[in-house]
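> Next up, query_31.txt (compact mmCIF, C-alpha atoms).
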```
# COMPACT_ATOMS: atom_id res chain seq x y z
CA MET A 792 -34.41 0.68 -3.25
CA LYS A 793 -31.83 -0.18 -0.66
CA ALA A 794 -28.92 -2.55 -1.15
CA ILE A 795 -27.04 -3.87 1.86
CA VAL A 796 -23.48 -4.95 1.13
CA THR A 797 -21.74 -7.06 3.76
CA VAL A 798 -17.96 -7.23 3.42
CA MET A 799 -15.97 -9.80 5.40
CA LEU A 800 -12.35 -10.86 5.39
CA LYS A 801 -12.04 -14.17 3.54
CA ASP A 802 -11.71 -17.36 5.53
CA GLY A 803 -8.05 -17.95 6.22
CA VAL A 804 -7.17 -14.24 6.24
CA LEU A 805 -6.04 -13.25 9.72
CA ASP A 806 -8.61 -11.01 11.41
CA PRO A 807 -6.80 -9.43 14.38
CA GLN A 808 -9.79 -7.19 15.10
CA GLY A 809 -12.10 -10.20 15.38
CA LYS A 810 -9.55 -11.91 17.62
CA ALA A 811 -9.35 -8.89 19.92
CA ILE A 812 -13.15 -8.72 20.17
CA GLY A 813 -13.22 -12.44 20.99
CA HIS A 814 -10.65 -12.01 23.75
CA ALA A 815 -12.58 -9.09 25.22
CA LEU A 816 -15.82 -11.11 25.20
CA ASN A 817 -14.06 -14.02 26.91
CA ASN A 818 -12.75 -11.57 29.51
CA LEU A 819 -16.31 -10.35 30.10
CA GLY A 820 -17.26 -13.88 31.07
CA PHE A 821 -18.71 -15.05 27.73
CA ALA A 822 -16.77 -18.29 27.82
CA GLN A 823 -18.85 -19.79 25.01
CA VAL A 824 -17.37 -17.37 22.42
CA GLY A 825 -14.95 -19.05 20.03
CA ASP A 826 -13.85 -17.60 16.72
CA VAL A 827 -14.99 -14.01 16.03
CA ARG A 828 -14.87 -12.32 12.64
CA ALA A 829 -15.45 -8.57 12.19
CA GLY A 830 -16.61 -7.03 8.91
CA LYS A 831 -18.41 -4.04 7.45
CA ILE A 832 -21.95 -3.33 6.38
CA ILE A 833 -22.51 -0.69 3.71
CA GLU A 834 -26.05 0.45 2.96
CA LEU A 835 -26.65 1.94 -0.47
CA GLU A 836 -29.76 3.92 -1.42
CA LEU A 837 -30.20 3.19 -5.14
CA ALA A 838 -32.36 5.02 -7.68
CA GLU A 839 -33.62 1.71 -9.05
CA THR A 840 -36.97 -0.11 -8.98
CA ASP A 841 -35.88 -3.49 -10.33
CA ALA A 842 -34.41 -5.64 -7.55
CA ALA A 843 -32.37 -7.78 -9.93
CA LYS A 844 -30.80 -4.71 -11.54
CA ALA A 845 -30.13 -3.18 -8.13
CA LYS A 846 -28.36 -6.35 -7.02
CA LEU A 847 -26.21 -6.48 -10.15
CA ALA A 848 -25.26 -2.82 -9.74
CA ALA A 849 -24.36 -3.27 -6.07
CA GLU A 850 -22.28 -6.34 -6.90
CA ASP A 851 -20.40 -4.33 -9.51
CA MET A 852 -19.76 -1.59 -6.91
CA ALA A 853 -18.54 -4.18 -4.43
CA LYS A 854 -16.09 -5.65 -6.95
CA LYS A 855 -14.77 -2.24 -8.03
CA LEU A 856 -14.53 -0.46 -4.69
CA LEU A 857 -16.42 -1.70 -1.63
CA ALA A 858 -14.49 -4.97 -1.25
CA ASN A 859 -10.88 -5.86 -2.01
CA LEU A 860 -11.27 -9.35 -3.45
CA VAL A 861 -7.66 -10.20 -2.63
CA ILE A 862 -8.58 -10.34 1.05
CA GLU A 863 -12.34 -9.88 1.31
CA SER A 864 -15.58 -11.48 0.19
CA PHE A 865 -18.97 -9.78 0.00
CA LYS A 866 -22.67 -10.47 -0.24
CA VAL A 867 -25.45 -8.20 -1.43
CA GLU A 868 -29.00 -8.17 -0.10
CA ILE A 869 -31.78 -6.03 -1.49
CA ALA A 870 -34.17 -4.50 1.04
CA ALA A 871 -37.51 -3.14 -0.07
CA MET B 433 16.42 9.81 -14.09
CA LEU B 434 15.02 13.01 -15.44
CA GLN B 435 11.74 14.25 -14.02
CA THR B 436 9.95 13.02 -10.91
CA GLY B 437 6.40 13.76 -9.86
CA ILE B 438 4.92 13.35 -6.40
CA LEU B 439 1.20 12.64 -6.20
CA LEU B 440 -0.92 14.61 -3.75
CA PHE B 441 -4.12 13.24 -2.29
CA PRO B 442 -6.16 14.83 0.51
CA GLY B 443 -4.81 13.35 3.73
CA ILE B 444 -1.31 12.63 2.42
CA ASN B 445 1.31 14.01 4.82
CA ARG B 446 4.74 12.73 3.72
CA GLU B 447 5.00 14.59 0.42
CA ARG B 448 7.43 17.24 1.70
CA ASP B 449 9.79 14.69 3.23
CA MET B 450 9.73 12.89 -0.10
CA ALA B 451 10.37 16.10 -2.03
CA ILE B 452 13.39 16.89 0.16
CA ALA B 453 14.85 13.41 -0.42
CA VAL B 454 14.27 13.64 -4.17
CA GLU B 455 15.68 17.14 -4.53
CA GLN B 456 18.77 16.25 -2.55
CA SER B 457 19.67 13.29 -4.75
CA PHE B 458 18.34 14.51 -8.10
CA GLY B 459 19.47 18.10 -7.81
CA ARG B 460 16.09 19.31 -8.96
CA ALA B 461 12.70 19.57 -7.35
CA PRO B 462 9.94 17.09 -8.17
CA LYS B 463 6.66 18.25 -9.68
CA MET B 464 3.80 18.11 -7.21
CA ILE B 465 0.76 16.56 -8.90
CA TRP B 466 -2.78 16.95 -7.55
CA HIS B 467 -4.96 13.82 -7.61
CA LYS B 468 -7.36 15.28 -10.17
CA GLU B 469 -4.63 15.67 -12.78
CA THR B 470 -4.75 13.24 -15.68
CA ASP B 471 -1.63 14.27 -17.59
CA LEU B 472 1.68 12.72 -16.53
CA SER B 473 3.56 13.52 -19.73
CA GLY B 474 7.17 14.38 -19.07
CA ILE B 475 7.23 12.46 -15.79
CA ASP B 476 9.69 9.56 -15.68
CA LEU B 477 9.20 8.51 -12.07
CA VAL B 478 5.88 8.81 -10.25
CA ILE B 479 6.15 8.79 -6.46
CA ILE B 480 3.19 8.11 -4.20
CA PRO B 481 4.06 9.29 -0.70
CA GLY B 482 2.77 8.20 2.68
CA GLY B 483 -0.05 9.52 4.77
CA PHE B 484 -3.71 8.80 5.19
CA SER B 485 -5.28 9.50 1.79
CA PHE B 486 -9.01 10.16 2.08
CA GLY B 487 -8.81 9.43 5.80
CA ASP B 488 -8.08 5.73 5.20
CA TYR B 489 -11.85 5.36 4.76
CA LEU B 490 -13.15 1.96 3.68
CA ARG B 491 -9.60 0.52 3.34
CA CYS B 492 -6.21 2.24 3.27
CA GLY B 493 -5.66 3.50 -0.26
CA ALA B 494 -9.02 2.31 -1.60
CA MET B 495 -10.33 5.76 -2.55
CA ALA B 496 -7.03 7.09 -3.86
CA ALA B 497 -6.67 4.03 -6.10
CA GLN B 498 -9.84 5.10 -7.94
CA SER B 499 -8.81 8.75 -8.41
CA PRO B 500 -8.28 10.31 -11.85
CA VAL B 501 -4.50 10.55 -11.47
CA MET B 502 -4.25 6.82 -10.78
CA GLN B 503 -5.77 6.08 -14.19
CA ALA B 504 -2.88 8.10 -15.61
CA VAL B 505 -0.42 6.20 -13.37
CA LYS B 506 -1.77 2.90 -14.73
CA ALA B 507 -1.16 4.14 -18.28
CA HIS B 508 2.32 5.35 -17.24
CA ALA B 509 3.06 1.90 -15.76
CA ALA B 510 1.74 0.16 -18.87
CA ARG B 511 4.23 2.23 -20.92
CA GLY B 512 7.02 0.88 -18.69
CA GLY B 513 7.22 4.00 -16.51
CA TYR B 514 8.77 3.96 -13.05
CA VAL B 515 6.67 4.17 -9.89
CA LEU B 516 7.66 4.29 -6.22
CA GLY B 517 5.03 3.96 -3.49
CA VAL B 518 5.92 4.31 0.18
CA CYS B 519 3.60 3.40 3.06
CA ASN B 520 0.17 4.66 2.01
CA GLY B 521 1.69 4.78 -1.49
CA PHE B 522 2.33 1.03 -1.30
CA GLN B 523 -1.23 0.46 -0.11
CA ILE B 524 -2.55 2.57 -3.01
CA LEU B 525 -0.47 0.56 -5.51
CA THR B 526 -1.92 -2.75 -4.25
CA GLU B 527 -5.45 -1.33 -4.21
CA ALA B 528 -4.95 -0.13 -7.80
CA GLY B 529 -3.79 -3.59 -8.83
CA LEU B 530 -0.34 -2.34 -9.86
CA LEU B 531 1.27 -4.60 -7.24
CA PRO B 532 -0.10 -7.96 -6.05
CA GLY B 533 -1.39 -8.75 -2.57
CA ALA B 534 -2.81 -6.45 0.08
CA LEU B 535 -1.85 -4.74 3.34
CA LEU B 536 -3.92 -5.77 6.33
CA ARG B 537 -4.17 -4.34 9.82
CA ASN B 538 -0.96 -5.00 11.76
CA ALA B 539 -1.18 -8.44 13.35
CA GLY B 540 -0.73 -6.92 16.83
CA LEU B 541 -3.41 -4.29 16.08
CA ARG B 542 -1.08 -1.49 17.20
CA PHE B 543 0.08 1.43 15.10
CA LEU B 544 3.86 0.97 14.78
CA SER B 545 6.00 4.09 14.91
CA MET B 546 9.64 3.09 15.26
CA ASP B 547 12.77 2.30 13.33
CA THR B 548 13.12 -1.05 11.62
CA MET B 549 15.94 -2.74 9.71
CA LEU B 550 15.49 -3.75 6.08
CA ARG B 551 17.50 -6.27 4.12
CA VAL B 552 18.16 -5.53 0.44
CA GLU B 553 17.19 -8.66 -1.49
CA ARG B 554 18.81 -7.60 -4.77
CA ASN B 555 20.79 -4.60 -5.90
CA ASP B 556 20.41 -4.93 -9.67
CA THR B 557 17.28 -2.78 -9.89
CA ILE B 558 17.03 0.94 -10.55
CA PHE B 559 15.87 1.41 -6.96
CA THR B 560 18.71 -0.38 -5.17
CA SER B 561 21.90 -0.09 -7.27
CA HIS B 562 23.57 2.05 -4.59
CA TYR B 563 23.03 -0.60 -1.90
CA GLN B 564 24.90 -3.90 -1.56
CA LYS B 565 22.98 -7.14 -2.00
CA GLY B 566 22.11 -8.38 1.47
CA GLN B 567 22.87 -5.01 3.04
CA VAL B 568 20.81 -4.21 6.10
CA PHE B 569 19.79 -0.58 6.57
CA ARG B 570 17.65 1.38 8.98
CA ALA B 571 14.30 2.83 7.97
CA PRO B 572 11.59 4.42 10.11
CA MET B 573 8.14 2.92 9.88
CA ALA B 574 4.85 4.50 10.82
CA HIS B 575 1.81 2.46 9.91
CA GLY B 576 -1.26 0.73 11.26
CA ASP B 577 -1.85 -1.44 8.20
CA GLY B 578 1.46 -2.88 7.04
CA ASN B 579 0.74 -6.59 7.32
CA TYR B 580 1.55 -7.74 3.79
CA THR B 581 -0.53 -10.66 2.63
CA ALA B 582 -1.10 -12.56 -0.59
CA ASP B 583 -2.16 -16.11 -1.42
CA PRO B 584 0.61 -18.74 -1.16
CA ALA B 585 0.90 -19.08 -4.94
CA THR B 586 1.49 -15.33 -5.29
CA LEU B 587 4.06 -15.35 -2.46
CA ASP B 588 5.87 -18.27 -4.11
CA ARG B 589 5.86 -16.41 -7.42
CA LEU B 590 7.21 -13.22 -5.81
CA GLU B 591 10.05 -15.16 -4.22
CA GLY B 592 10.70 -17.38 -7.25
CA GLU B 593 10.88 -14.44 -9.65
CA GLY B 594 13.00 -12.28 -7.36
CA LEU B 595 10.28 -9.70 -6.82
CA VAL B 596 10.77 -9.31 -3.07
CA ALA B 597 12.61 -6.00 -2.71
CA PHE B 598 13.14 -5.73 1.05
CA ARG B 599 12.50 -7.93 4.09
CA TYR B 600 12.30 -6.99 7.76
CA ALA B 601 15.67 -8.02 9.19
CA ASP B 602 15.19 -7.33 12.89
CA GLY B 603 11.88 -8.94 13.69
CA ASN B 604 8.53 -9.01 11.95
CA ARG B 605 6.39 -6.62 13.96
CA ASN B 606 3.39 -6.22 11.68
CA GLY B 607 2.85 -9.88 10.75
CA SER B 608 3.82 -9.56 7.07
CA ALA B 609 3.94 -12.82 5.13
CA ARG B 610 7.51 -14.08 4.79
CA ASP B 611 8.86 -10.88 6.42
CA ILE B 612 8.13 -8.94 3.24
CA ALA B 613 8.54 -5.17 3.61
CA GLY B 614 8.55 -4.23 -0.09
CA ILE B 615 7.93 -5.78 -3.50
CA TYR B 616 8.54 -5.08 -7.18
CA SER B 617 6.25 -5.41 -10.16
CA GLU B 618 7.14 -8.08 -12.70
CA ASN B 619 9.24 -5.64 -14.75
CA ARG B 620 10.86 -4.30 -11.53
CA ARG B 621 9.92 -0.75 -12.51
CA ILE B 622 7.34 -0.40 -9.72
CA LEU B 623 8.41 -0.62 -6.09
CA GLY B 624 6.15 -0.47 -3.06
CA LEU B 625 7.39 -0.61 0.53
CA MET B 626 5.99 0.19 3.95
CA PRO B 627 8.94 1.86 5.79
CA HIS B 628 10.15 5.37 4.94
CA PRO B 629 13.64 5.60 3.40
CA GLU B 630 12.91 9.28 2.63
CA ASP B 631 13.08 10.03 6.34
CA LEU B 632 16.77 9.18 6.66
CA VAL B 633 18.56 11.09 3.92
CA ASP B 634 20.50 13.71 5.88
CA PRO B 635 22.68 13.56 9.02
CA LEU B 636 20.32 16.18 10.49
CA MET B 637 17.56 13.55 10.32
CA GLY B 638 19.69 11.15 12.32
CA GLY B 639 21.15 9.18 9.46
CA ILE B 640 21.43 8.67 5.73
CA ASP B 641 20.43 5.01 5.47
CA GLY B 642 17.65 5.83 3.01
CA LYS B 643 19.71 8.05 0.73
CA PRO B 644 21.12 5.24 -1.49
CA LEU B 645 17.60 4.51 -2.73
CA PHE B 646 17.25 8.05 -4.07
CA ASP B 647 20.85 8.12 -5.31
CA SER B 648 20.10 4.88 -7.20
CA LEU B 649 17.07 6.45 -8.87
CA ALA B 650 18.92 9.67 -9.65
CA ALA B 651 21.67 7.69 -11.36
CA ALA B 652 19.24 5.50 -13.35
```
Kindly present the structure from the file in structure tokens form.


Amino acid sequence: MKAIVTVMLKDGVLDPQGKAIGHALNNLGFAQVGDVRAGKIIELELAETDAAKAKLAAEDMAKKLLANLVIESFKVEIAA
Amino acid sequence: MLQTGILLFPGINRERDMAIAVEQSFGRAPKMIWHKETDLSGIDLVIIPGGFSFGDYLRCGAMAAQSPVMQAVKAHAARGGYVLGVCNGFQILTEAGLLPGALLRNAGLRFLSMDTMLRVERNDTIFTSHYQKGQVFRAPMAHGDGNYTADPATLDRLEGEGLVAFRYADGNRNGSARDIAGIYSENRRILGLMPHPEDLVDPLMGGIDGKPLFDSLAAA
């Protein structure tokens, strides 16, 4: 079973990388681009058959290592 | 201060500079401690040097903060032990929860390798007794992720309780909240800072602005 953990900087935390990407897109002519936020996706292959258990485990991993909750938030999705 | 120990993680690269600074002020060499060690008995001051532990993967300091030796450092800190973290060492201390806040990518996105000036916020701690309060001294910095951040309540608490150790005194190049370059734990026995005082401890290095920090610790 695969868990997909998405980690993003919290709202209000400055994201200079997102800003730089936004500027570059504007420079490429994509004038419609406003705020850009950049994050990480971490895919975990889990030896688990129960989706609820897999989600709980991945959330625990996110809290302990994958995300720094001082500056980041995360969400976990379970893929078949 | 009796015995110091310098932690070694794969990817750390400032441990020898730190050892030179320690040996010069303390008159004895620090113990070098591999990250898989779990026994810190006999160590009074744990030093976490700079570098790029575990390649800065995931977040700077995130992997090192979970290593076996850091469990021992947490126990050492809980016993009231002294800890100094510089650069990546500061990042590791925040990731381990031993200091509040976090260090984000520099606001200008550039890696900063240059001298900066630090102002000593208080000189009644074991780290700063050989400086004057308000003294401004030179320290080299070399980091890509030195933008100190914490929520406003935490920043207010740090300032209100006198836990800001050093502030940037010649311009805030990395975007740190309230110009903070280094902070103490509540008991002021843990210090984390981004610039490198260990790199200015001998006239041959171009100055001795960082030496008082090590002299302070040696005299403690």

> If I put a ball of radius 10 Å at (7.1, 5.1, 8.8) in the file's coordinates, which residues poke into it when counting all atoms listed in the file, written as a VMD selection string?

chain B and resid 446 482 to 483 518 to 520 544 to 548 571 to 576 578 626 to 631

> Can you build me a table of chain A residues sitting at most 8 Å from chain B, with the closest atom pair per residue and its distance in Å to one decimal, using only C-alpha atoms, sorted by chain and residue number, as CSV?


```
residue,atom,partner,partner_atom,distance
A:Leu805,CA,B:Ala539,CA,7.7
A:Pro807,CA,B:Ala539,CA,5.8
A:Gln808,CA,B:Leu541,CA,7.1
A:Leu856,CA,B:Ala494,CA,6.9
A:Leu857,CA,B:Leu490,CA,7.2
A:Asn859,CA,B:Glu527,CA,7.4
A:Val861,CA,B:Gly533,CA,6.4
A:Ile862,CA,B:Ala534,CA,7.0
```

> Separation of CA of Thr470 in chain B and CA of Ala504 in chain B, in Å?

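Computed distance, CA of Thr470 in chain B to CA of Ala504 in chain B, equals 5.5 Å.
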
> Just to confirm, what's the straight-line distance from CA of Arg589 in chain B to CA of His508 in chain B in Å (one decimal)?

24.1 Å

> Can you work out which one of B:Thr560, B:Gln523, B:Asn604, B:Ser617 has the shortest atom-to-atom distance to Leu645 in chain B, counting only C-alpha atoms?

B:Thr560

> My list of candidates is A:Asp802, A:Lys810, A:Ala853, A:Met792. Which is closest to Ile832 in chain A when distances are computed with only C-alpha atoms?

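Closest to Ile832 in chain A, using only C-alpha atoms: A:Ala853.
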
> Which neighbours of Glu834 in chain A fall inside 7 Å, counting all atoms listed in the file, when residues of the same chain fewer than 5 positions from it are skipped, and could you give them as a PyMOL selection string?

chain A and resi 793-796

> Leaving out Ala601 in chain B and any residue of its chain fewer than 2 positions from it, which residues lie within 7 Å of it when counting only C-alpha atoms, given as JSON, numbers by chain?

{"B": [549, 550, 551, 599, 603]}

> Let me have the centre and edge lengths in Å, one decimal, of the box along x, y and z around every listed atom of range 514-529 of chain B with 3 Å of margin on each side, as AutoDock Vina command-line options.


```
--center_x 1.7 --center_y 0.6 --center_z -5.0 --size_x 20.2 --size_y 14.4 --size_z 22.1
```

> Report, in Å to a single decimal, how far apart CA of Phe458 in chain B and CA of Leu477 in chain B are.

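Separating CA of Leu477 in chain B from CA of Phe458 in chain B is a distance of 11.6 Å.
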
> Pick out the closest residue to Asp851 in chain A from this set: A:Val867, A:Ile833, A:Ile812, A:Leu800. Count all atoms listed in the file.

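Under the stated criterion, the closest residue is A:Val867.
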
> Compare A:Glu868, A:Glu863, A:Val798, A:Asn817 by their minimum atom-to-atom distance to Lys846 in chain A, counting all atoms listed in the file, and give me the closest one.

A:Glu868

> Do a neighbour search on Ser608 in chain B at 6 Å with all atoms listed in the file, toss out local chain neighbours closer than 3 positions, and write the hits as an NGL selection string.

:B and (579-580 or 611-612)
